[in-house]
Amino acid sequence: MVDIVVLGATGYTGRLIAQYLATHPQGSSFTFGLAARSQSALEKVFRELNLSKDDVPAFTVDVTNPSDVDAVVQQARIVINTIGPYWRWGTSVVRACVHHGKHYVDLTGEVHWIKDIIFELDYAAVKSGSIVVPCCGLDSVPSDVLAFVANKTLKSFGGPSTTIDLSTSAWKLGGASISGGTFSTILTALEDVPKHKLLAARQGFVLSPVKGTHSPRPRMLYTLPYSDRPVYGAWYFMAITNSQVVQRTWGLYELARRVNHHNATAVAPLSYGPNFKYEEFVILPSALYAMMYSITFAAIAALLVLSQPARWFARRIMPGPGEGPSEKQLQSGSVKITNITTSSPDSKGENIVVRSIFQGRGDPGYFLSSTLALDGASLPRISIGGGIMTPMTAFGDVLVERLRRSGHVDIESELLVGTEARKTR
């Protein structure tokens with residue numbers, strides 16, 4: 001029995017996570033194992049990372065075989081699943097974790113699949129105490145963190161009854177690239193997933209247990225309010241996933257508020273408020289650049305959706321499964337996300353404005369690895385009972401502090417007062 005097992009340890013992201021765990025400064029405080037379909041490929045990973053099977057168990061598993069999955073899941077407390085596309089290979093793993101009361105995290109960005117597992121397995125996960133947390137990578141941890149932190153900052157100045165009107169995140173990506181597995185997942189969604197499921201995944205609050213106020217519609221040109229200088233951008237392709245995850249966080253908190261209306265003080269600090277809206281975009285150098293980017297992106301997306309030859313050509317020029325950015329690209333990568341969150345007007349018609357910044361450096365694998373502390377005593381009360389959660393409803397402040405301590409991430413949040421700022425964290 002180990003604390004953590006990494007499924008898909010021979011894939012691109014799986015190797016990154018295995019390397020991170022093998023060199024973790026607190027490695028003596030947990031045990032982990034590696035699992036993959038190919039025994040020879042797994043042995044290669046062990047050699048590359050200089051791991052001993054006496055210390056790190058190795059498991060051969062075929063995720064299409066339920067008995068294989070059951071056997072591996074029962075050997076761990078937490079399962080990190082990096083085997084995608086999750087639409088094809090993920091459900092059997094979540095089922096096994098829920099059945100055996102194990103905890104689960106992954107890197108998916110597939111809203112259509114998350115919707116299906118919520119429908120099938122959320123209630124069963126609550127019953128078994130299994131905490132299931134999809135989207136624990138670059139999508140959608142930063143977006144979820146920023147809305148959560150901004151809400152806390154608003155309430156620290158305006159009081160626990162302060163609610164959010166609009167939260168906008170502007171992404172600046174440095175050295176961004178895409179792995180072969182991620183690109184394969186995109187093409188699989190276009191070719192294998194029923195169109196009605198893809199369309200349903202784009203509806204607002206599709207993952208939320210309650211419906212909220214519709215966020216602003218996607219557009220060709222975005223601006224960031226309350227900026228020292230004009231900030232322009234275009235629609236960010238991961239906004240579909242990130243917005244849905246943030247909306248599920250809102251919905252789980254809102255449901256808790258409604259169910260516990262007799263004890264409002266217990267849930268008020270978490271609630272974003274009934275009128276919460278969220279949007280995000282990618283920062284570009286100018287308004288003209290942003291509009292040209294939007295047009296070009298829309299044209300490429302339409303080609304991939306409508307043309308099989310276009311998808312064939314894309315497969316030839318993009319990284320294949322198991323491939324991704326080089327070590328140098330990983331180390332030089334970065335992300336800086338600036339979030340502006342505005343409160344709903346108070347009785348005097350005045351708003352509170354908060355600016356929060358999430359800045360990450362280097363290997364993006366740390367986003368997932370920092371979520372591994374599923375210590376029930378430290379988790380938010382909402383997640384202790386289990387269920388299909390989001391990063392913030394599952395981990396809350398535990399995740400924020402672990403990211404800060406990782407050495408890769410800075411998270412700040414401050415009240416904007418005119419042109420001045422007052423930091424709170």
# chains A, B, ... in the order shown; residues from 1 in each chain; ligands from 1
call {"tool": "residues_around", "arguments": {"residues": "Lys172 of chain A", "least_positions_apart": "3", "cutoff": "12 Å", "atoms": "only C-alpha atoms", "output": "PyMOL selection string"}}
result
chain A and resi 169+175-176+231-234+236+280-285+333-339+357-360
call {"tool": "residues_around", "arguments": {"residues": "Val111 of chain A", "least_positions_apart": "5", "cutoff": "9 Å", "atoms": "only C-alpha atoms", "output": "PyMOL selection string"}}
result
chain A and resi 116+198+201-202+206-207+240-241+244-245
call {"tool": "select_by_dssp", "arguments": {"residues": "segment 2-87 of chain A", "states": "alpha helix (DSSP H)", "output": "number ranges by chain"}}
result
A: 12-22, 39-48, 66-73, 86-87
call {"tool": "residues_around", "arguments": {"residues": "Arg15 of chain A", "least_positions_apart": "3", "cutoff": "10 Å", "atoms": "only C-alpha atoms", "output": "list in words"}}
result
Val6, Gly8, Ala9, Thr10, Gly11, Tyr12, Ala18, Gln19, Tyr20, Leu21, Leu34, Leu42, Val45, Phe46, Glu48, Leu49, Thr82, Gly322 and Gly365 of chain A
call {"tool": "atom_distance", "arguments": {"atom1": "atom CA of Ile382 of chain A", "atom2": "atom CA of Ala256 of chain A"}}
result
7.9 Å
call {"tool": "select_by_dssp", "arguments": {"residues": "segment 91-144 of chain A", "states": "strand (DSSP E or B)", "output": "NGL selection string"}}
result
:A and (103-106 or 131-133 or 137 or 140)
call {"tool": "closest_residue", "arguments": {"among": "A:Phe30, A:Val72, A:Asp228, A:Val145", "to": "Glu401 of chain A", "atoms": "only C-alpha atoms"}}
result
A:Val145
call {"tool": "atom_distance", "arguments": {"atom1": "atom CA of Val63 of chain A", "atom2": "atom CA of Thr91 of chain A"}}
result
9.4 Å
call {"tool": "atom_distance", "arguments": {"atom1": "atom CA of Ser167 of chain A", "atom2": "atom CA of Ala200 of chain A"}}
result
23.3 Å
call {"tool": "residues_around", "arguments": {"residues": "segment 291-298 of chain A", "least_positions_apart": "6", "cutoff": "8 Å", "atoms": "only C-alpha atoms", "output": "number ranges by chain"}}
result
A: 220-221, 234-235
call {"tool": "write_last_selection", "arguments": {"atoms": "C-alpha atoms", "output": "CSV table (one decimal), in the first residue's frame"}}
result
chain,number,residue,atom,x,y,z
A,220,MET,CA,-13.2,39.2,-30.4
A,221,LEU,CA,-11.7,41.9,-28.1
A,234,ALA,CA,-8.7,37.7,-27.2
A,235,TRP,CA,-10.8,34.8,-26.2
call {"tool": "residues_around", "arguments": {"residues": "Asp139 of chain A", "least_positions_apart": "6", "cutoff": "10 Å", "atoms": "only C-alpha atoms", "output": "ChimeraX atom specification"}}
result
/A:107-109,238-243,245,367-368
call {"tool": "write_last_selection", "arguments": {"atoms": "all heavy atoms", "output": "PDB file, in the first residue's frame"}}
result
ATOM      1  N   LEU A 107      -5.762  15.650 -14.701  1.00  0.00           N
ATOM      2  CA  LEU A 107      -5.390  16.845 -15.459  1.00  0.00           C
ATOM      3  C   LEU A 107      -6.362  17.140 -16.590  1.00  0.00           C
ATOM      4  O   LEU A 107      -6.026  17.874 -17.512  1.00  0.00           O
ATOM      5  CB  LEU A 107      -3.989  16.640 -16.063  1.00  0.00           C
ATOM      6  CG  LEU A 107      -2.814  16.667 -15.099  1.00  0.00           C
ATOM      7  CD1 LEU A 107      -1.601  16.026 -15.744  1.00  0.00           C
ATOM      8  CD2 LEU A 107      -2.497  18.082 -14.702  1.00  0.00           C
ATOM      9  N   THR A 108      -7.537  16.558 -16.549  1.00  0.00           N
ATOM     10  CA  THR A 108      -8.446  16.710 -17.679  1.00  0.00           C
ATOM     11  C   THR A 108      -8.874  18.161 -17.887  1.00  0.00           C
ATOM     12  O   THR A 108      -8.856  18.980 -16.968  1.00  0.00           O
ATOM     13  CB  THR A 108      -9.705  15.843 -17.479  1.00  0.00           C
ATOM     14  OG1 THR A 108     -10.473  15.856 -18.685  1.00  0.00           O
ATOM     15  CG2 THR A 108     -10.574  16.369 -16.350  1.00  0.00           C
ATOM     16  N   GLY A 109      -9.268  18.454 -19.114  1.00  0.00           N
ATOM     17  CA  GLY A 109      -9.932  19.712 -19.433  1.00  0.00           C
ATOM     18  C   GLY A 109     -11.208  19.426 -20.204  1.00  0.00           C
ATOM     19  O   GLY A 109     -11.764  20.318 -20.844  1.00  0.00           O
ATOM     20  N   MET A 238      -8.899  27.871 -23.396  1.00  0.00           N
ATOM     21  CA  MET A 238      -9.189  27.074 -22.214  1.00  0.00           C
ATOM     22  C   MET A 238     -10.268  27.717 -21.332  1.00  0.00           C
ATOM     23  O   MET A 238     -10.593  27.182 -20.264  1.00  0.00           O
ATOM     24  CB  MET A 238      -7.920  26.858 -21.396  1.00  0.00           C
ATOM     25  CG  MET A 238      -6.979  25.811 -21.975  1.00  0.00           C
ATOM     26  SD  MET A 238      -7.798  24.256 -22.445  1.00  0.00           S
ATOM     27  CE  MET A 238      -8.612  23.809 -20.917  1.00  0.00           C
ATOM     28  N   ALA A 239     -10.810  28.846 -21.782  1.00  0.00           N
ATOM     29  CA  ALA A 239     -11.846  29.509 -20.983  1.00  0.00           C
ATOM     30  C   ALA A 239     -13.085  28.630 -20.836  1.00  0.00           C
ATOM     31  O   ALA A 239     -13.798  28.728 -19.823  1.00  0.00           O
ATOM     32  CB  ALA A 239     -12.220  30.851 -21.606  1.00  0.00           C
ATOM     33  N   ILE A 240     -13.358  27.775 -21.825  1.00  0.00           N
ATOM     34  CA  ILE A 240     -14.524  26.894 -21.726  1.00  0.00           C
ATOM     35  C   ILE A 240     -14.414  26.029 -20.480  1.00  0.00           C
ATOM     36  O   ILE A 240     -15.338  25.951 -19.657  1.00  0.00           O
ATOM     37  CB  ILE A 240     -14.646  26.012 -22.989  1.00  0.00           C
ATOM     38  CG1 ILE A 240     -14.967  26.863 -24.216  1.00  0.00           C
ATOM     39  CG2 ILE A 240     -15.712  24.936 -22.785  1.00  0.00           C
ATOM     40  CD1 ILE A 240     -15.011  26.066 -25.505  1.00  0.00           C
ATOM     41  N   THR A 241     -13.252  25.381 -20.311  1.00  0.00           N
ATOM     42  CA  THR A 241     -13.053  24.526 -19.144  1.00  0.00           C
ATOM     43  C   THR A 241     -12.922  25.340 -17.862  1.00  0.00           C
ATOM     44  O   THR A 241     -13.594  25.060 -16.859  1.00  0.00           O
ATOM     45  CB  THR A 241     -11.794  23.663 -19.332  1.00  0.00           C
ATOM     46  OG1 THR A 241     -11.946  22.853 -20.494  1.00  0.00           O
ATOM     47  CG2 THR A 241     -11.564  22.778 -18.120  1.00  0.00           C
ATOM     48  N   ASN A 242     -12.061  26.346 -17.885  1.00  0.00           N
ATOM     49  CA  ASN A 242     -11.797  27.110 -16.664  1.00  0.00           C
ATOM     50  C   ASN A 242     -13.059  27.764 -16.113  1.00  0.00           C
ATOM     51  O   ASN A 242     -13.312  27.746 -14.900  1.00  0.00           O
ATOM     52  CB  ASN A 242     -10.728  28.162 -16.930  1.00  0.00           C
ATOM     53  CG  ASN A 242      -9.377  27.546 -17.240  1.00  0.00           C
ATOM     54  OD1 ASN A 242      -9.109  26.401 -16.913  1.00  0.00           O
ATOM     55  ND2 ASN A 242      -8.513  28.319 -17.888  1.00  0.00           N
ATOM     56  N   SER A 243     -13.855  28.358 -16.990  1.00  0.00           N
ATOM     57  CA  SER A 243     -15.080  29.027 -16.537  1.00  0.00           C
ATOM     58  C   SER A 243     -16.060  28.029 -15.928  1.00  0.00           C
ATOM     59  O   SER A 243     -16.714  28.321 -14.918  1.00  0.00           O
ATOM     60  CB  SER A 243     -15.738  29.763 -17.708  1.00  0.00           C
ATOM     61  OG  SER A 243     -14.900  30.805 -18.173  1.00  0.00           O
ATOM     62  N   VAL A 245     -15.340  25.197 -14.437  1.00  0.00           N
ATOM     63  CA  VAL A 245     -14.835  24.763 -13.132  1.00  0.00           C
ATOM     64  C   VAL A 245     -15.084  25.843 -12.079  1.00  0.00           C
ATOM     65  O   VAL A 245     -15.546  25.557 -10.964  1.00  0.00           O
ATOM     66  CB  VAL A 245     -13.334  24.404 -13.222  1.00  0.00           C
ATOM     67  CG1 VAL A 245     -12.743  24.197 -11.829  1.00  0.00           C
ATOM     68  CG2 VAL A 245     -13.139  23.158 -14.076  1.00  0.00           C
ATOM     69  N   PHE A 367       1.633  22.224 -10.658  1.00  0.00           N
ATOM     70  CA  PHE A 367       0.262  22.591 -10.333  1.00  0.00           C
ATOM     71  C   PHE A 367      -0.510  21.386  -9.803  1.00  0.00           C
ATOM     72  O   PHE A 367      -1.281  21.485  -8.858  1.00  0.00           O
ATOM     73  CB  PHE A 367      -0.462  23.151 -11.564  1.00  0.00           C
ATOM     74  CG  PHE A 367      -0.002  24.509 -11.960  1.00  0.00           C
ATOM     75  CD1 PHE A 367       0.589  24.710 -13.196  1.00  0.00           C
ATOM     76  CD2 PHE A 367      -0.145  25.577 -11.109  1.00  0.00           C
ATOM     77  CE1 PHE A 367       1.026  25.969 -13.568  1.00  0.00           C
ATOM     78  CE2 PHE A 367       0.293  26.839 -11.475  1.00  0.00           C
ATOM     79  CZ  PHE A 367       0.880  27.035 -12.706  1.00  0.00           C
ATOM     80  N   LEU A 368      -0.303  20.243 -10.443  1.00  0.00           N
ATOM     81  CA  LEU A 368      -0.979  19.044  -9.975  1.00  0.00           C
ATOM     82  C   LEU A 368      -0.365  18.542  -8.690  1.00  0.00           C
ATOM     83  O   LEU A 368      -1.072  18.239  -7.723  1.00  0.00           O
ATOM     84  CB  LEU A 368      -0.903  17.944 -11.031  1.00  0.00           C
ATOM     85  CG  LEU A 368      -1.500  16.602 -10.585  1.00  0.00           C
ATOM     86  CD1 LEU A 368      -3.014  16.700 -10.554  1.00  0.00           C
ATOM     87  CD2 LEU A 368      -1.057  15.487 -11.485  1.00  0.00           C
TER      88      LEU A 368
END
call {"tool": "residues_around", "arguments": {"residues": "Asp346 of chain A", "least_positions_apart": "2", "cutoff": "10 Å", "atoms": "only C-alpha atoms", "output": "list in words"}}
result
Gly158, Ser161, Thr162, Thr163, Ser343, Ser344, Lys348, Gly349, Glu350, Asn351 and Ile352 of chain A
call {"tool": "write_last_selection", "arguments": {"atoms": "all heavy atoms", "output": "PDB file, in the first residue's frame"}}
result
ATOM      1  N   GLY A 158     -14.886  44.345   2.937  1.00  0.00           N
ATOM      2  CA  GLY A 158     -16.292  44.720   2.905  1.00  0.00           C
ATOM      3  C   GLY A 158     -17.172  43.984   3.881  1.00  0.00           C
ATOM      4  O   GLY A 158     -18.349  44.316   4.032  1.00  0.00           O
ATOM      5  N   SER A 161     -20.775  39.667   4.181  1.00  0.00           N
ATOM      6  CA  SER A 161     -21.938  39.718   3.293  1.00  0.00           C
ATOM      7  C   SER A 161     -21.588  40.283   1.911  1.00  0.00           C
ATOM      8  O   SER A 161     -22.450  40.314   1.022  1.00  0.00           O
ATOM      9  CB  SER A 161     -23.045  40.562   3.924  1.00  0.00           C
ATOM     10  OG  SER A 161     -22.606  41.904   4.103  1.00  0.00           O
ATOM     11  N   THR A 162     -20.351  40.727   1.710  1.00  0.00           N
ATOM     12  CA  THR A 162     -19.937  41.263   0.410  1.00  0.00           C
ATOM     13  C   THR A 162     -19.954  40.153  -0.639  1.00  0.00           C
ATOM     14  O   THR A 162     -19.470  39.043  -0.388  1.00  0.00           O
ATOM     15  CB  THR A 162     -18.522  41.857   0.493  1.00  0.00           C
ATOM     16  OG1 THR A 162     -18.485  42.831   1.538  1.00  0.00           O
ATOM     17  CG2 THR A 162     -18.130  42.512  -0.828  1.00  0.00           C
ATOM     18  N   THR A 163     -20.507  40.447  -1.801  1.00  0.00           N
ATOM     19  CA  THR A 163     -20.607  39.448  -2.863  1.00  0.00           C
ATOM     20  C   THR A 163     -19.945  39.961  -4.142  1.00  0.00           C
ATOM     21  O   THR A 163     -19.711  41.162  -4.297  1.00  0.00           O
ATOM     22  CB  THR A 163     -22.069  39.078  -3.157  1.00  0.00           C
ATOM     23  OG1 THR A 163     -22.779  40.258  -3.580  1.00  0.00           O
ATOM     24  CG2 THR A 163     -22.743  38.500  -1.927  1.00  0.00           C
ATOM     25  N   SER A 343     -17.034  43.941  -6.575  1.00  0.00           N
ATOM     26  CA  SER A 343     -18.159  43.520  -5.738  1.00  0.00           C
ATOM     27  C   SER A 343     -19.473  44.044  -6.308  1.00  0.00           C
ATOM     28  O   SER A 343     -19.506  44.991  -7.103  1.00  0.00           O
ATOM     29  CB  SER A 343     -17.981  44.050  -4.319  1.00  0.00           C
ATOM     30  OG  SER A 343     -18.172  45.465  -4.292  1.00  0.00           O
ATOM     31  N   SER A 344     -20.558  43.423  -5.893  1.00  0.00           N
ATOM     32  CA  SER A 344     -21.877  43.986  -6.177  1.00  0.00           C
ATOM     33  C   SER A 344     -22.018  45.298  -5.405  1.00  0.00           C
ATOM     34  O   SER A 344     -21.431  45.455  -4.329  1.00  0.00           O
ATOM     35  CB  SER A 344     -22.965  43.001  -5.752  1.00  0.00           C
ATOM     36  OG  SER A 344     -22.837  41.783  -6.464  1.00  0.00           O
ATOM     37  N   LYS A 348     -25.058  52.065  -0.775  1.00  0.00           N
ATOM     38  CA  LYS A 348     -24.772  53.399  -1.284  1.00  0.00           C
ATOM     39  C   LYS A 348     -24.442  53.394  -2.774  1.00  0.00           C
ATOM     40  O   LYS A 348     -24.078  54.424  -3.329  1.00  0.00           O
ATOM     41  CB  LYS A 348     -23.603  54.008  -0.514  1.00  0.00           C
ATOM     42  CG  LYS A 348     -23.867  54.169   0.980  1.00  0.00           C
ATOM     43  CD  LYS A 348     -22.635  54.732   1.690  1.00  0.00           C
ATOM     44  CE  LYS A 348     -22.882  54.863   3.180  1.00  0.00           C
ATOM     45  NZ  LYS A 348     -21.680  55.376   3.907  1.00  0.00           N
ATOM     46  N   GLY A 349     -24.522  52.224  -3.399  1.00  0.00           N
ATOM     47  CA  GLY A 349     -24.205  52.115  -4.820  1.00  0.00           C
ATOM     48  C   GLY A 349     -22.723  52.056  -5.112  1.00  0.00           C
ATOM     49  O   GLY A 349     -22.310  52.221  -6.258  1.00  0.00           O
ATOM     50  N   GLU A 350     -21.897  51.796  -4.085  1.00  0.00           N
ATOM     51  CA  GLU A 350     -20.450  51.767  -4.267  1.00  0.00           C
ATOM     52  C   GLU A 350     -19.939  50.330  -4.395  1.00  0.00           C
ATOM     53  O   GLU A 350     -20.522  49.402  -3.834  1.00  0.00           O
ATOM     54  CB  GLU A 350     -19.756  52.462  -3.094  1.00  0.00           C
ATOM     55  CG  GLU A 350     -20.125  53.943  -2.984  1.00  0.00           C
ATOM     56  CD  GLU A 350     -19.490  54.602  -1.769  1.00  0.00           C
ATOM     57  OE1 GLU A 350     -18.990  53.853  -0.893  1.00  0.00           O
ATOM     58  OE2 GLU A 350     -19.502  55.837  -1.679  1.00  0.00           O
ATOM     59  N   ASN A 351     -18.825  50.173  -5.128  1.00  0.00           N
ATOM     60  CA  ASN A 351     -18.220  48.867  -5.348  1.00  0.00           C
ATOM     61  C   ASN A 351     -16.846  48.789  -4.689  1.00  0.00           C
ATOM     62  O   ASN A 351     -16.160  49.798  -4.529  1.00  0.00           O
ATOM     63  CB  ASN A 351     -18.039  48.573  -6.842  1.00  0.00           C
ATOM     64  CG  ASN A 351     -19.322  48.674  -7.622  1.00  0.00           C
ATOM     65  OD1 ASN A 351     -19.687  49.739  -8.107  1.00  0.00           O
ATOM     66  ND2 ASN A 351     -20.016  47.559  -7.755  1.00  0.00           N
ATOM     67  N   ILE A 352     -16.443  47.576  -4.341  1.00  0.00           N
ATOM     68  CA  ILE A 352     -15.066  47.294  -3.931  1.00  0.00           C
ATOM     69  C   ILE A 352     -14.385  46.597  -5.095  1.00  0.00           C
ATOM     70  O   ILE A 352     -14.961  45.707  -5.727  1.00  0.00           O
ATOM     71  CB  ILE A 352     -15.022  46.402  -2.683  1.00  0.00           C
ATOM     72  CG1 ILE A 352     -15.745  47.073  -1.514  1.00  0.00           C
ATOM     73  CG2 ILE A 352     -13.587  46.066  -2.303  1.00  0.00           C
ATOM     74  CD1 ILE A 352     -15.888  46.165  -0.300  1.00  0.00           C
TER      75      ILE A 352
END
call {"tool": "closest_residue", "arguments": {"among": "A:Val398, A:Ala314, A:Thr168, A:Arg217", "to": "Ser184 of chain A", "atoms": "only C-alpha atoms"}}
result
A:Ala314
call {"tool": "closest_residue", "arguments": {"among": "A:Arg311, A:Phe237, A:Lys211, A:Tyr278", "to": "Leu255 of chain A", "atoms": "only C-alpha atoms"}}
result
A:Lys211
call {"tool": "closest_residue", "arguments": {"among": "A:Leu199, A:Gly90, A:Gly273, A:Gly386", "to": "Val126 of chain A", "atoms": "only C-alpha atoms"}}
result
A:Gly386
